[in-house]
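What follows is the content of my_file.csv (CSV, C-alpha atoms and all ligand atoms).
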```
chain,number,residue,atom,x,y,z
C,1,MET,CA,190.1,254.9,-9.1
C,2,ASN,CA,186.8,254.9,-7.4
C,3,ASN,CA,184.9,252.9,-4.8
C,4,ARG,CA,183.4,250.3,-7.3
C,5,SER,CA,185.7,247.6,-5.9
C,6,GLN,CA,183.7,247.7,-2.7
C,7,ASN,CA,180.6,246.7,-4.7
C,8,THR,CA,179.0,243.7,-3.0
C,9,ALA,CA,176.8,242.4,-5.9
C,10,PRO,CA,177.4,238.8,-7.0
C,11,PRO,CA,180.1,238.6,-9.8
C,12,LEU,CA,179.1,239.2,-13.3
C,13,LEU,CA,181.9,236.9,-14.5
C,14,LYS,CA,183.5,234.1,-12.6
C,15,VAL,CA,186.6,232.5,-14.2
C,16,ASP,CA,187.6,229.4,-12.4
C,17,GLY,CA,190.7,227.3,-13.0
C,18,LEU,CA,190.8,228.2,-16.7
C,19,ALA,CA,193.5,226.4,-18.7
C,20,VAL,CA,194.0,226.7,-22.5
C,21,ASP,CA,196.4,224.7,-24.8
C,22,TYR,CA,197.5,225.5,-28.3
C,23,ALA,CA,198.1,222.6,-30.6
C,24,THR,CA,201.3,223.1,-32.7
C,25,SER,CA,202.4,220.7,-35.4
C,26,ALA,CA,204.1,218.4,-32.9
C,27,ILE,CA,202.7,219.0,-29.4
C,28,SER,CA,200.2,220.8,-27.3
C,29,LEU,CA,201.4,223.8,-25.3
C,30,ARG,CA,199.8,225.2,-22.2
C,31,ALA,CA,199.3,228.9,-22.8
C,32,ILE,CA,197.3,229.7,-19.6
C,33,ASN,CA,196.9,227.7,-16.5
C,34,ASP,CA,194.6,227.8,-13.4
C,35,VAL,CA,193.4,231.3,-14.2
C,36,SER,CA,190.8,232.3,-11.6
C,37,PHE,CA,189.1,235.6,-10.9
C,38,GLU,CA,185.8,237.4,-10.5
C,39,LEU,CA,184.6,240.5,-12.2
C,40,ARG,CA,181.7,242.6,-10.7
C,41,ALA,CA,179.3,244.8,-12.4
C,42,GLY,CA,180.8,248.1,-13.2
C,43,GLU,CA,184.3,247.1,-12.0
C,44,ALA,CA,187.4,247.9,-14.0
C,45,VAL,CA,190.2,245.3,-13.8
C,46,ALA,CA,193.5,245.6,-15.6
C,47,LEU,CA,195.2,242.4,-16.8
C,48,VAL,CA,198.9,243.3,-17.0
C,49,GLY,CA,202.0,241.3,-18.1
C,50,GLU,CA,204.7,241.2,-20.7
C,51,SER,CA,204.1,240.0,-24.2
C,52,GLY,CA,203.4,236.2,-24.3
C,53,SER,CA,202.1,236.0,-20.7
C,54,GLY,CA,198.6,234.8,-21.8
C,55,LYS,CA,196.6,238.0,-21.6
C,56,THR,CA,195.0,237.8,-25.0
C,57,THR,CA,194.4,234.0,-24.6
C,58,THR,CA,192.5,234.7,-21.4
C,59,ALA,CA,190.4,237.4,-23.1
C,60,MET,CA,189.7,235.4,-26.1
C,61,ALA,CA,188.6,232.4,-24.0
C,62,ILE,CA,186.2,234.5,-22.0
C,63,ALA,CA,184.7,236.0,-25.2
C,64,GLY,CA,184.6,232.5,-26.9
C,65,LEU,CA,186.9,233.8,-29.6
C,66,LEU,CA,189.9,231.4,-29.2
C,67,SER,CA,191.7,230.5,-32.4
C,68,PRO,CA,191.0,227.1,-34.0
C,69,ASN,CA,194.1,225.4,-32.7
C,70,ALA,CA,193.3,226.4,-29.1
C,71,ARG,CA,191.5,224.0,-26.7
C,72,VAL,CA,190.0,224.7,-23.3
C,73,VAL,CA,191.6,221.9,-21.2
C,74,GLY,CA,190.4,223.0,-17.7
C,75,GLY,CA,188.2,225.2,-15.7
C,76,GLU,CA,185.1,227.1,-16.6
C,77,VAL,CA,183.7,230.6,-17.1
C,78,ARG,CA,180.4,231.6,-15.6
C,79,TYR,CA,178.4,234.7,-16.6
C,80,ARG,CA,175.7,235.8,-14.0
C,81,GLY,CA,176.1,232.3,-12.5
C,82,ARG,CA,175.6,230.3,-15.7
C,83,PRO,CA,178.4,228.4,-17.3
C,84,LEU,CA,179.4,229.8,-20.7
C,85,PRO,CA,180.0,227.5,-23.7
C,86,ILE,CA,183.3,229.2,-24.4
C,87,ASP,CA,184.6,226.5,-26.7
C,88,ASP,CA,181.5,226.6,-28.9
C,89,ASP,CA,181.5,229.5,-31.4
C,90,ALA,CA,177.8,229.0,-32.4
C,91,LEU,CA,176.5,228.7,-28.9
C,92,MET,CA,178.5,231.8,-27.8
C,93,ARG,CA,177.1,233.9,-30.6
C,94,PRO,CA,174.0,235.2,-28.7
C,95,HIS,CA,176.3,236.2,-25.8
C,96,ARG,CA,179.1,237.8,-27.7
C,97,TRP,CA,178.7,241.6,-28.3
C,98,SER,CA,175.4,241.7,-26.4
C,99,GLU,CA,176.8,240.6,-23.0
C,100,THR,CA,180.6,240.6,-23.5
C,101,SER,CA,182.4,242.5,-26.3
C,102,VAL,CA,186.0,243.0,-27.2
C,103,ILE,CA,188.0,246.0,-28.4
C,104,PHE,CA,190.8,244.5,-30.4
C,105,GLN,CA,194.4,245.8,-30.5
C,106,GLY,CA,194.8,246.7,-34.2
C,107,ALA,CA,191.7,248.5,-35.5
C,108,MET,CA,192.9,248.3,-39.1
C,109,ASN,CA,193.0,244.5,-38.9
C,110,ALA,CA,189.7,244.2,-37.0
C,111,LEU,CA,187.7,246.6,-39.3
C,112,ASN,CA,186.6,245.5,-42.7
C,113,PRO,CA,188.4,247.7,-45.2
C,114,VAL,CA,185.7,247.6,-47.9
C,115,HIS,CA,182.7,248.6,-45.7
C,116,ARG,CA,181.8,252.1,-44.4
C,117,ILE,CA,182.2,252.4,-40.7
C,118,VAL,CA,178.6,253.2,-40.0
C,119,ASN,CA,177.5,249.9,-41.7
C,120,GLN,CA,180.1,248.0,-39.7
C,121,ILE,CA,178.7,249.2,-36.5
C,122,ALA,CA,175.1,248.6,-37.6
C,123,GLU,CA,175.9,245.0,-38.5
C,124,PRO,CA,176.1,243.5,-34.9
C,125,CYS,CA,172.9,245.4,-34.1
C,126,ILE,CA,171.1,243.8,-37.1
C,127,LEU,CA,172.4,240.4,-36.1
C,128,HIS,CA,171.0,240.9,-32.6
C,129,GLY,CA,167.5,241.8,-33.9
C,130,MET,CA,167.3,245.5,-34.9
C,131,SER,CA,165.8,246.6,-38.2
C,132,ARG,CA,168.3,248.1,-40.7
C,133,GLY,CA,166.9,251.6,-40.1
C,134,GLU,CA,167.2,251.3,-36.3
C,135,ALA,CA,170.7,249.8,-36.5
C,136,LEU,CA,171.9,252.7,-38.7
C,137,ALA,CA,170.4,255.3,-36.3
C,138,ARG,CA,172.1,253.5,-33.4
C,139,ALA,CA,175.4,253.4,-35.3
C,140,THR,CA,175.3,257.1,-36.0
C,141,GLU,CA,174.5,257.8,-32.4
C,142,LEU,CA,177.4,255.6,-31.2
C,143,LEU,CA,179.8,257.3,-33.5
C,144,ALA,CA,178.8,260.7,-32.1
C,145,LEU,CA,179.3,259.3,-28.6
C,146,VAL,CA,182.9,258.4,-29.3
C,147,GLY,CA,183.6,261.7,-31.0
C,148,ILE,CA,183.3,260.9,-34.7
C,149,PRO,CA,181.6,263.8,-36.5
C,150,ALA,CA,178.5,263.0,-38.5
C,151,ASP,CA,180.1,263.8,-41.8
C,152,ARG,CA,182.7,261.1,-41.2
C,153,CYS,CA,180.2,258.3,-40.5
C,154,SER,CA,180.2,257.0,-44.1
C,155,ALA,CA,184.0,257.0,-44.3
C,156,TYR,CA,186.0,253.8,-44.9
C,157,PRO,CA,188.5,252.7,-42.3
C,158,HIS,CA,191.5,253.8,-44.3
C,159,GLN,CA,190.2,257.3,-44.5
C,160,LEU,CA,190.4,257.8,-40.7
C,161,SER,CA,193.4,258.3,-38.4
C,162,GLY,CA,194.5,255.6,-36.1
C,163,GLY,CA,192.9,257.3,-33.1
C,164,MET,CA,189.6,257.6,-34.9
C,165,ARG,CA,189.7,254.0,-36.0
C,166,GLN,CA,190.2,252.9,-32.4
C,167,ARG,CA,187.2,255.1,-31.4
C,168,VAL,CA,185.2,253.2,-34.1
C,169,MET,CA,186.2,250.0,-32.4
C,170,ILE,CA,184.9,251.3,-29.1
C,171,ALA,CA,181.6,252.3,-30.7
C,172,MET,CA,181.3,248.8,-32.2
C,173,ALA,CA,182.0,247.2,-28.8
C,174,LEU,CA,179.2,249.2,-27.2
C,175,ALA,CA,176.7,248.6,-30.1
C,176,CYS,CA,174.7,245.8,-28.4
C,177,ARG,CA,174.8,247.3,-24.9
C,178,PRO,CA,177.1,244.8,-23.3
C,179,SER,CA,177.8,244.5,-19.5
C,180,ILE,CA,181.4,243.6,-20.0
C,181,VAL,CA,183.9,245.2,-22.4
C,182,ILE,CA,187.4,243.6,-22.8
C,183,GLY,CA,189.9,246.1,-24.2
C,184,ASP,CA,192.9,244.1,-25.5
C,185,GLU,CA,195.7,246.7,-25.6
C,186,PRO,CA,193.2,249.2,-27.1
C,187,THR,CA,195.6,252.1,-27.1
C,188,THR,CA,199.0,250.4,-27.7
C,189,ALA,CA,199.2,251.1,-31.4
C,190,LEU,CA,198.5,254.9,-30.9
C,191,ASP,CA,200.8,257.9,-30.3
C,192,VAL,CA,201.0,259.2,-26.7
C,193,ILE,CA,198.3,262.0,-27.3
C,194,ASN,CA,195.8,259.6,-28.9
C,195,GLN,CA,196.6,257.0,-26.3
C,196,ALA,CA,195.6,259.4,-23.5
C,197,GLN,CA,192.4,260.6,-25.3
C,198,VAL,CA,191.2,257.1,-26.3
C,199,LEU,CA,191.8,255.8,-22.7
C,200,LYS,CA,189.9,258.8,-21.3
C,201,LEU,CA,187.0,258.0,-23.6
C,202,LEU,CA,187.0,254.4,-22.5
C,203,VAL,CA,187.0,255.4,-18.9
C,204,ASP,CA,184.2,258.0,-19.4
C,205,LEU,CA,182.0,255.5,-21.2
C,206,ARG,CA,182.6,252.8,-18.7
C,207,THR,CA,181.4,255.2,-15.9
C,208,ARG,CA,178.5,256.4,-18.0
C,209,PHE,CA,177.2,252.9,-18.9
C,210,ASN,CA,178.4,251.2,-15.7
C,211,LEU,CA,180.4,248.8,-17.8
C,212,ALA,CA,182.6,246.1,-16.3
C,213,LEU,CA,186.0,246.5,-18.0
C,214,ILE,CA,188.9,244.2,-18.4
C,215,LEU,CA,191.7,246.4,-19.7
C,216,ILE,CA,194.6,244.4,-21.1
C,217,THR,CA,197.9,246.1,-21.2
C,218,HIS,CA,201.6,245.5,-21.0
C,219,ASP,CA,202.0,249.0,-19.6
C,220,LEU,CA,201.2,249.4,-15.9
C,221,SER,CA,201.4,253.2,-16.2
C,222,VAL,CA,198.0,253.4,-17.9
C,223,VAL,CA,196.3,251.4,-15.2
C,224,ALA,CA,196.3,253.9,-12.3
C,225,GLU,CA,193.7,256.3,-13.7
C,226,SER,CA,191.5,253.8,-15.4
C,227,CYS,CA,191.1,250.7,-13.2
C,228,ASP,CA,190.0,249.6,-9.7
C,229,ARG,CA,192.0,246.4,-9.6
C,230,VAL,CA,195.1,245.0,-11.2
C,231,MET,CA,195.9,241.4,-12.0
C,232,ILE,CA,199.5,240.6,-12.9
C,233,MET,CA,200.1,237.7,-15.3
C,234,TYR,CA,203.3,235.8,-15.8
C,235,SER,CA,203.9,232.8,-18.0
C,236,GLY,CA,200.2,231.9,-18.2
C,237,ARG,CA,199.3,232.4,-14.5
C,238,ILE,CA,198.0,235.2,-12.4
C,239,VAL,CA,200.8,235.9,-9.9
C,240,GLU,CA,199.3,238.9,-8.1
C,241,ASP,CA,195.9,240.5,-7.8
C,242,GLY,CA,195.0,243.6,-5.8
C,243,THR,CA,193.5,247.0,-5.8
C,244,VAL,CA,195.3,249.7,-7.7
C,245,ALA,CA,196.2,251.4,-4.5
C,246,GLU,CA,197.6,248.2,-2.9
C,247,ILE,CA,199.5,247.2,-6.0
C,248,PHE,CA,201.3,250.5,-6.5
C,249,ALA,CA,201.9,251.2,-2.8
C,250,GLU,CA,203.0,247.8,-1.8
C,251,PRO,CA,203.5,245.2,-4.5
C,252,LYS,CA,203.9,241.7,-3.1
C,253,HIS,CA,205.4,239.9,-6.0
C,254,PRO,CA,208.9,240.7,-7.1
C,255,TYR,CA,207.7,240.7,-10.8
C,256,THR,CA,205.1,243.3,-9.9
C,257,ARG,CA,207.7,245.5,-8.3
C,258,LEU,CA,209.9,245.2,-11.3
C,259,LEU,CA,207.0,246.2,-13.6
C,260,ILE,CA,206.4,249.2,-11.4
C,261,ASP,CA,210.0,250.1,-11.4
C,262,SER,CA,210.1,249.9,-15.2
C,263,ILE,CA,207.6,252.8,-15.5
C,264,PRO,CA,209.4,255.9,-16.5
C,265,THR,CA,209.1,258.8,-14.0
C,266,PRO,CA,208.1,262.2,-15.3
C,267,GLY,CA,211.0,264.5,-16.1
C,268,GLU,CA,213.2,261.5,-16.9
C,269,GLY,CA,213.7,262.7,-20.5
C,270,LYS,CA,212.9,260.0,-22.9
C,271,ARG,CA,209.5,258.2,-22.2
C,272,MET,CA,210.9,254.8,-22.6
C,273,LEU,CA,209.9,251.8,-20.5
C,274,ARG,CA,213.0,250.3,-18.7
C,275,PRO,CA,212.8,246.6,-19.6
C,276,ILE,CA,213.0,243.9,-16.9
C,277,PRO,CA,216.3,242.0,-17.3
C,278,GLY,CA,216.0,238.6,-18.9
C,279,ASP,CA,213.4,237.3,-21.2
C,280,PRO,CA,209.9,235.9,-20.4
C,281,PRO,CA,209.8,232.1,-20.8
C,282,THR,CA,208.5,230.5,-23.9
C,283,LEU,CA,205.7,227.9,-23.8
C,284,VAL,CA,208.1,225.2,-24.9
C,285,LYS,CA,210.7,225.9,-22.2
C,286,ARG,CA,209.0,226.9,-18.9
C,287,PRO,CA,211.4,227.0,-15.9
C,288,SER,CA,210.7,224.5,-13.1
C,289,GLY,CA,209.2,225.7,-9.9
C,290,CYS,CA,208.1,229.4,-10.1
C,291,ALA,CA,208.4,230.3,-13.8
C,292,PHE,CA,209.8,233.7,-12.7
C,293,HIS,CA,212.7,232.4,-10.7
C,294,PRO,CA,215.5,232.8,-13.3
C,295,ARG,CA,214.7,236.5,-13.4
C,296,CYS,CA,213.8,237.1,-9.8
C,297,PRO,CA,216.1,239.2,-7.6
C,298,SER,CA,214.6,237.5,-4.5
C,299,ALA,CA,214.7,233.8,-5.7
C,300,MET,CA,215.3,231.2,-3.1
C,301,GLU,CA,216.1,227.5,-3.3
C,302,ILE,CA,212.4,226.4,-3.1
C,303,CYS,CA,211.5,228.7,-6.1
C,304,THR,CA,213.5,226.5,-8.4
C,305,THR,CA,211.5,223.4,-7.6
C,306,GLU,CA,208.1,224.3,-6.3
C,307,ALA,CA,205.5,226.4,-8.0
C,308,PRO,CA,204.0,228.8,-5.5
C,309,HIS,CA,200.2,228.7,-4.8
C,310,LEU,CA,198.1,231.7,-5.5
C,311,LYS,CA,197.0,232.7,-2.0
C,312,GLN,CA,194.7,235.3,-0.5
C,313,PHE,CA,196.7,238.2,0.9
C,314,GLY,CA,194.6,240.9,2.6
C,315,LYS,CA,192.1,241.9,-0.1
C,316,GLY,CA,194.4,240.6,-2.8
C,317,ARG,CA,196.2,237.4,-3.9
C,318,VAL,CA,199.8,236.6,-4.5
C,319,ALA,CA,201.7,233.5,-5.8
C,320,CYS,CA,205.2,233.8,-4.3
C,321,HIS,CA,207.2,231.8,-1.8
C,322,LEU,CA,208.3,235.0,-0.1
C,323,HIS,CA,204.7,235.0,1.3
C,324,ASP,CA,204.6,231.3,2.2
C,325,SER,CA,204.2,232.1,5.9
C,326,LEU,CA,200.5,232.7,5.2
C,327,PRO,CA,198.1,230.1,6.8
C,328,ALA,CA,197.4,227.2,4.4
C,329,ALA,CA,193.6,227.8,4.8
C,330,ASP,CA,194.0,231.1,2.8
C,331,LYS,CA,195.0,229.2,-0.3
C,332,VAL,CA,192.8,230.1,-3.2
C,333,SER,CA,194.0,227.5,-5.6
C,334,ALA,CA,196.7,224.9,-5.8
C,335,ASN,CA,198.7,225.3,-9.1
C,336,ALA,CA,199.5,222.1,-10.9
I,401,LIG,N1,197.2,230.5,-32.1
I,401,LIG,C1,198.3,230.2,-31.4
I,401,LIG,N2,199.0,229.0,-31.6
I,401,LIG,C2,200.1,228.7,-30.8
I,401,LIG,N3,200.6,229.5,-29.8
I,401,LIG,C3,199.9,230.7,-29.6
I,401,LIG,C4,198.8,231.0,-30.3
I,401,LIG,N4,198.3,232.2,-29.8
I,401,LIG,C5,199.2,232.6,-28.8
I,401,LIG,N5,200.1,231.6,-28.7
I,401,LIG,C6,201.2,231.6,-27.6
I,401,LIG,O1,200.5,231.6,-26.4
I,401,LIG,C7,201.3,232.4,-25.5
I,401,LIG,C8,200.4,233.5,-24.9
I,401,LIG,O2,200.0,234.3,-25.9
I,401,LIG,P1,199.0,235.6,-25.7
I,401,LIG,O3,197.8,235.1,-25.0
I,401,LIG,O4,198.8,236.2,-27.0
I,401,LIG,O5,199.9,236.5,-24.8
I,401,LIG,P2,199.8,238.1,-24.5
I,401,LIG,O6,198.5,238.6,-25.0
I,401,LIG,O7,200.0,238.2,-23.1
I,401,LIG,O8,201.0,238.7,-25.3
I,401,LIG,C9,202.5,233.0,-26.2
I,401,LIG,O9,203.6,232.2,-26.0
I,401,LIG,C10,202.0,232.9,-27.7
I,401,LIG,O10,203.1,232.7,-28.5
I,402,MG,MG,198.1,240.1,-26.4
```
If you convert what's in this file into structure tokens, what do you get?
Amino acid sequence: MNNRSQNTAPPLLKVDGLAVDYATSAISLRAINDVSFELRAGEAVALVGESGSGKTTTAMAIAGLLSPNARVVGGEVRYRGRPLPIDDDALMRPHRWSETSVIFQGAMNALNPVHRIVNQIAEPCILHGMSRGEALARATELLALVGIPADRCSAYPHQLSGGMRQRVMIAMALACRPSIVIGDEPTTALDVINQAQVLKLLVDLRTRFNLALILITHDLSVVAESCDRVMIMYSGRIVEDGTVAEIFAEPKHPYTRLLIDSIPTPGEGKRMLRPIPGDPPTLVKRPSGCAFHPRCPSAMEICTTEAPHLKQFGKGRVACHLHDSLPAADKVSANA
């Protein structure tokens, strides 16, 4: 952690009341709802939650990469104060990669198996106006930056290890000098050693290029060393947001506390995450009131009927009836 969170510059990114539906064969299902947050230049924010909580949907919406059956049904995303046409692939093209780029989870799926890695990194540079020669030189330089030796630059993806492929993904994300990099579980598929190395690389590059980073992970334990702030997501909504120090020292939401308690402590033997009892809700069957109430050890009567508002709490925000005594003026948004 560093003091970037005290940065007072205007936000690079402002997400306001974002809601996304997925159309299925019969009905439309709300995947994320009323997602609001700001990201400042050079700030690193973690987006944490169990599988299915809406992390990838949030990231894809911001990058204008939502799947064809998705629809933005509410809210907006502003970049340097201007609204982004996030539901228009063609209009988002000049922005994507040069302003906001994404490191996807599975490098093997995201890389083209029949193209040499150096050419794949040169491609976005060419699309954004570089000559082929310049682009290849930039690609070679980027591969060196992420630790791929010069003699491996003309390799095909399958000739590289998982860790190296994920480094290639990072090089590709940096190709057009973006201000924001979104890493969607960039280390999840790797073994523990590679996870640590790739995460360190990402953190180093973020500092070196003053990147704003949105690090998506289901594993809170990777957040402490890499991010300034943490946003906790549950069932499509942000339920808590605070600095890394605040979140770890004094989590406000019972879900955040359970996530922290599920982190294995060193010396505990097997490095296995202790799962939180119960299952996260599906989109089809969301519990009434607070979506977390059926799993919540502190649930009260009101939690079964009324969805809590996301309210300002010190420097952070929390959506939980345990903190309802806060003054109403502090409300950040009223959830539907
Ligand atoms: N293309 C899609 N069509 C229908 N439902 C989807 C689609 N993509 C994701 N979902 C659903 O939206 C919810 C949120 O998914 P996602 O954003 O991928 O969550 P996370 O990244 O936190 O695991 C999940 O219930 C998931 O099944
Ligand atoms: Mg995901």
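In terms of minimum interatomic distance to His128 in chain C, C:His95 ranks closest within C:Thr100, C:Gln312, C:His95, C:Gln105, counting only C-alpha atoms.
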*Any idea what's packed within 10 Å of Gly17 in chain C, counting only C-alpha atoms, ignoring anything in its chain fewer than 3 positions away? Could you give it as a list in words?*
Lys14, Ile32, Asn33, Asp34, Val35, Ser36, Phe37, Val73, Gly74, Gly75, Glu76, Val77, Ser333, Ala334 and Asn335 of chain C
Leaving out His321 in chain C and any residue of its chain fewer than 6 positions from it, which residues lie within 8 Å of it when counting all atoms listed in the file, given as a short mmCIF file (atom, residue, chain, number, x, y, z; two decimals) with C-alpha atoms, in the coordinates of the input?
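And here's around_18.cif as it stands now:
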```
data_model
loop_
_atom_site.label_atom_id
_atom_site.label_comp_id
_atom_site.auth_asym_id
_atom_site.auth_seq_id
_atom_site.Cartn_x
_atom_site.Cartn_y
_atom_site.Cartn_z
CA ILE C 302 212.40 226.40 -3.10
CA CYS C 303 211.50 228.70 -6.10
CA PRO C 308 204.00 228.80 -5.50
#
```
_If the limit is 9 Å from any atom of ligand LIG 401 (chain I), counting only C-alpha atoms and all ligand atoms, which residues qualify? Return them as number ranges by chain._
C: 21-24, 28-32, 47-60, 66-70, 184-185, 216-218, 233-236, 281-284
Would you mind exporting C-alpha atoms of the selected residues as a PDB file, keeping the file's coordinate frame?
```pdb
ATOM      1  CA  ASP C  21     196.400 224.700 -24.800  1.00  0.00           C
ATOM      2  CA  TYR C  22     197.500 225.500 -28.300  1.00  0.00           C
ATOM      3  CA  ALA C  23     198.100 222.600 -30.600  1.00  0.00           C
ATOM      4  CA  THR C  24     201.300 223.100 -32.700  1.00  0.00           C
ATOM      5  CA  SER C  28     200.200 220.800 -27.300  1.00  0.00           C
ATOM      6  CA  LEU C  29     201.400 223.800 -25.300  1.00  0.00           C
ATOM      7  CA  ARG C  30     199.800 225.200 -22.200  1.00  0.00           C
ATOM      8  CA  ALA C  31     199.300 228.900 -22.800  1.00  0.00           C
ATOM      9  CA  ILE C  32     197.300 229.700 -19.600  1.00  0.00           C
ATOM     10  CA  LEU C  47     195.200 242.400 -16.800  1.00  0.00           C
ATOM     11  CA  VAL C  48     198.900 243.300 -17.000  1.00  0.00           C
ATOM     12  CA  GLY C  49     202.000 241.300 -18.100  1.00  0.00           C
ATOM     13  CA  GLU C  50     204.700 241.200 -20.700  1.00  0.00           C
ATOM     14  CA  SER C  51     204.100 240.000 -24.200  1.00  0.00           C
ATOM     15  CA  GLY C  52     203.400 236.200 -24.300  1.00  0.00           C
ATOM     16  CA  SER C  53     202.100 236.000 -20.700  1.00  0.00           C
ATOM     17  CA  GLY C  54     198.600 234.800 -21.800  1.00  0.00           C
ATOM     18  CA  LYS C  55     196.600 238.000 -21.600  1.00  0.00           C
ATOM     19  CA  THR C  56     195.000 237.800 -25.000  1.00  0.00           C
ATOM     20  CA  THR C  57     194.400 234.000 -24.600  1.00  0.00           C
ATOM     21  CA  THR C  58     192.500 234.700 -21.400  1.00  0.00           C
ATOM     22  CA  ALA C  59     190.400 237.400 -23.100  1.00  0.00           C
ATOM     23  CA  MET C  60     189.700 235.400 -26.100  1.00  0.00           C
ATOM     24  CA  LEU C  66     189.900 231.400 -29.200  1.00  0.00           C
ATOM     25  CA  SER C  67     191.700 230.500 -32.400  1.00  0.00           C
ATOM     26  CA  PRO C  68     191.000 227.100 -34.000  1.00  0.00           C
ATOM     27  CA  ASN C  69     194.100 225.400 -32.700  1.00  0.00           C
ATOM     28  CA  ALA C  70     193.300 226.400 -29.100  1.00  0.00           C
ATOM     29  CA  ASP C 184     192.900 244.100 -25.500  1.00  0.00           C
ATOM     30  CA  GLU C 185     195.700 246.700 -25.600  1.00  0.00           C
ATOM     31  CA  ILE C 216     194.600 244.400 -21.100  1.00  0.00           C
ATOM     32  CA  THR C 217     197.900 246.100 -21.200  1.00  0.00           C
ATOM     33  CA  HIS C 218     201.600 245.500 -21.000  1.00  0.00           C
ATOM     34  CA  MET C 233     200.100 237.700 -15.300  1.00  0.00           C
ATOM     35  CA  TYR C 234     203.300 235.800 -15.800  1.00  0.00           C
ATOM     36  CA  SER C 235     203.900 232.800 -18.000  1.00  0.00           C
ATOM     37  CA  GLY C 236     200.200 231.900 -18.200  1.00  0.00           C
ATOM     38  CA  PRO C 281     209.800 232.100 -20.800  1.00  0.00           C
ATOM     39  CA  THR C 282     208.500 230.500 -23.900  1.00  0.00           C
ATOM     40  CA  LEU C 283     205.700 227.900 -23.800  1.00  0.00           C
ATOM     41  CA  VAL C 284     208.100 225.200 -24.900  1.00  0.00           C
TER      42      VAL C 284
END
```
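One finds CA of Ile238 in chain C at 19.4 Å from CA of Gly278 in chain C.
Reported to one decimal place, the separation of CA of His253 in chain C from CA of Ser288 in chain C is 17.8 Å.
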*Surrounding residues of Tyr255 in chain C excluding itself and chain neighbours under 4 positions, 10 Å, only C-alpha atoms, as a ChimeraX atom specification*: /C:49,232-234,239-240,251,259-261,276,292-293,295-298,320
_So the first atom is CA of Lys311 in chain C and the second is CA of Lys252 in chain C; what is the distance between them in Å, to one decimal place?_
11.4 Å
*Select, from C:Gly183, C:Pro157, C:Gly133, C:Pro94, the residue with the minimum atom-to-atom distance to ligand MG 402 (chain I), counting all atoms listed in the file.*
C:Gly183
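Ranking C:Thr207, C:Ser101, C:Asn194, C:Asn109 by their shortest atom-to-atom distance to Pro178 in chain C, with all atoms listed in the file included, puts C:Ser101 first.
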*Shell of 9 Å around Ala155 in chain C, all atoms listed in the file, local chain residues under 5 positions omitted, as a list of chain:residue names*: C:His115, C:Arg116, C:Ile117, C:Val118, C:Leu160
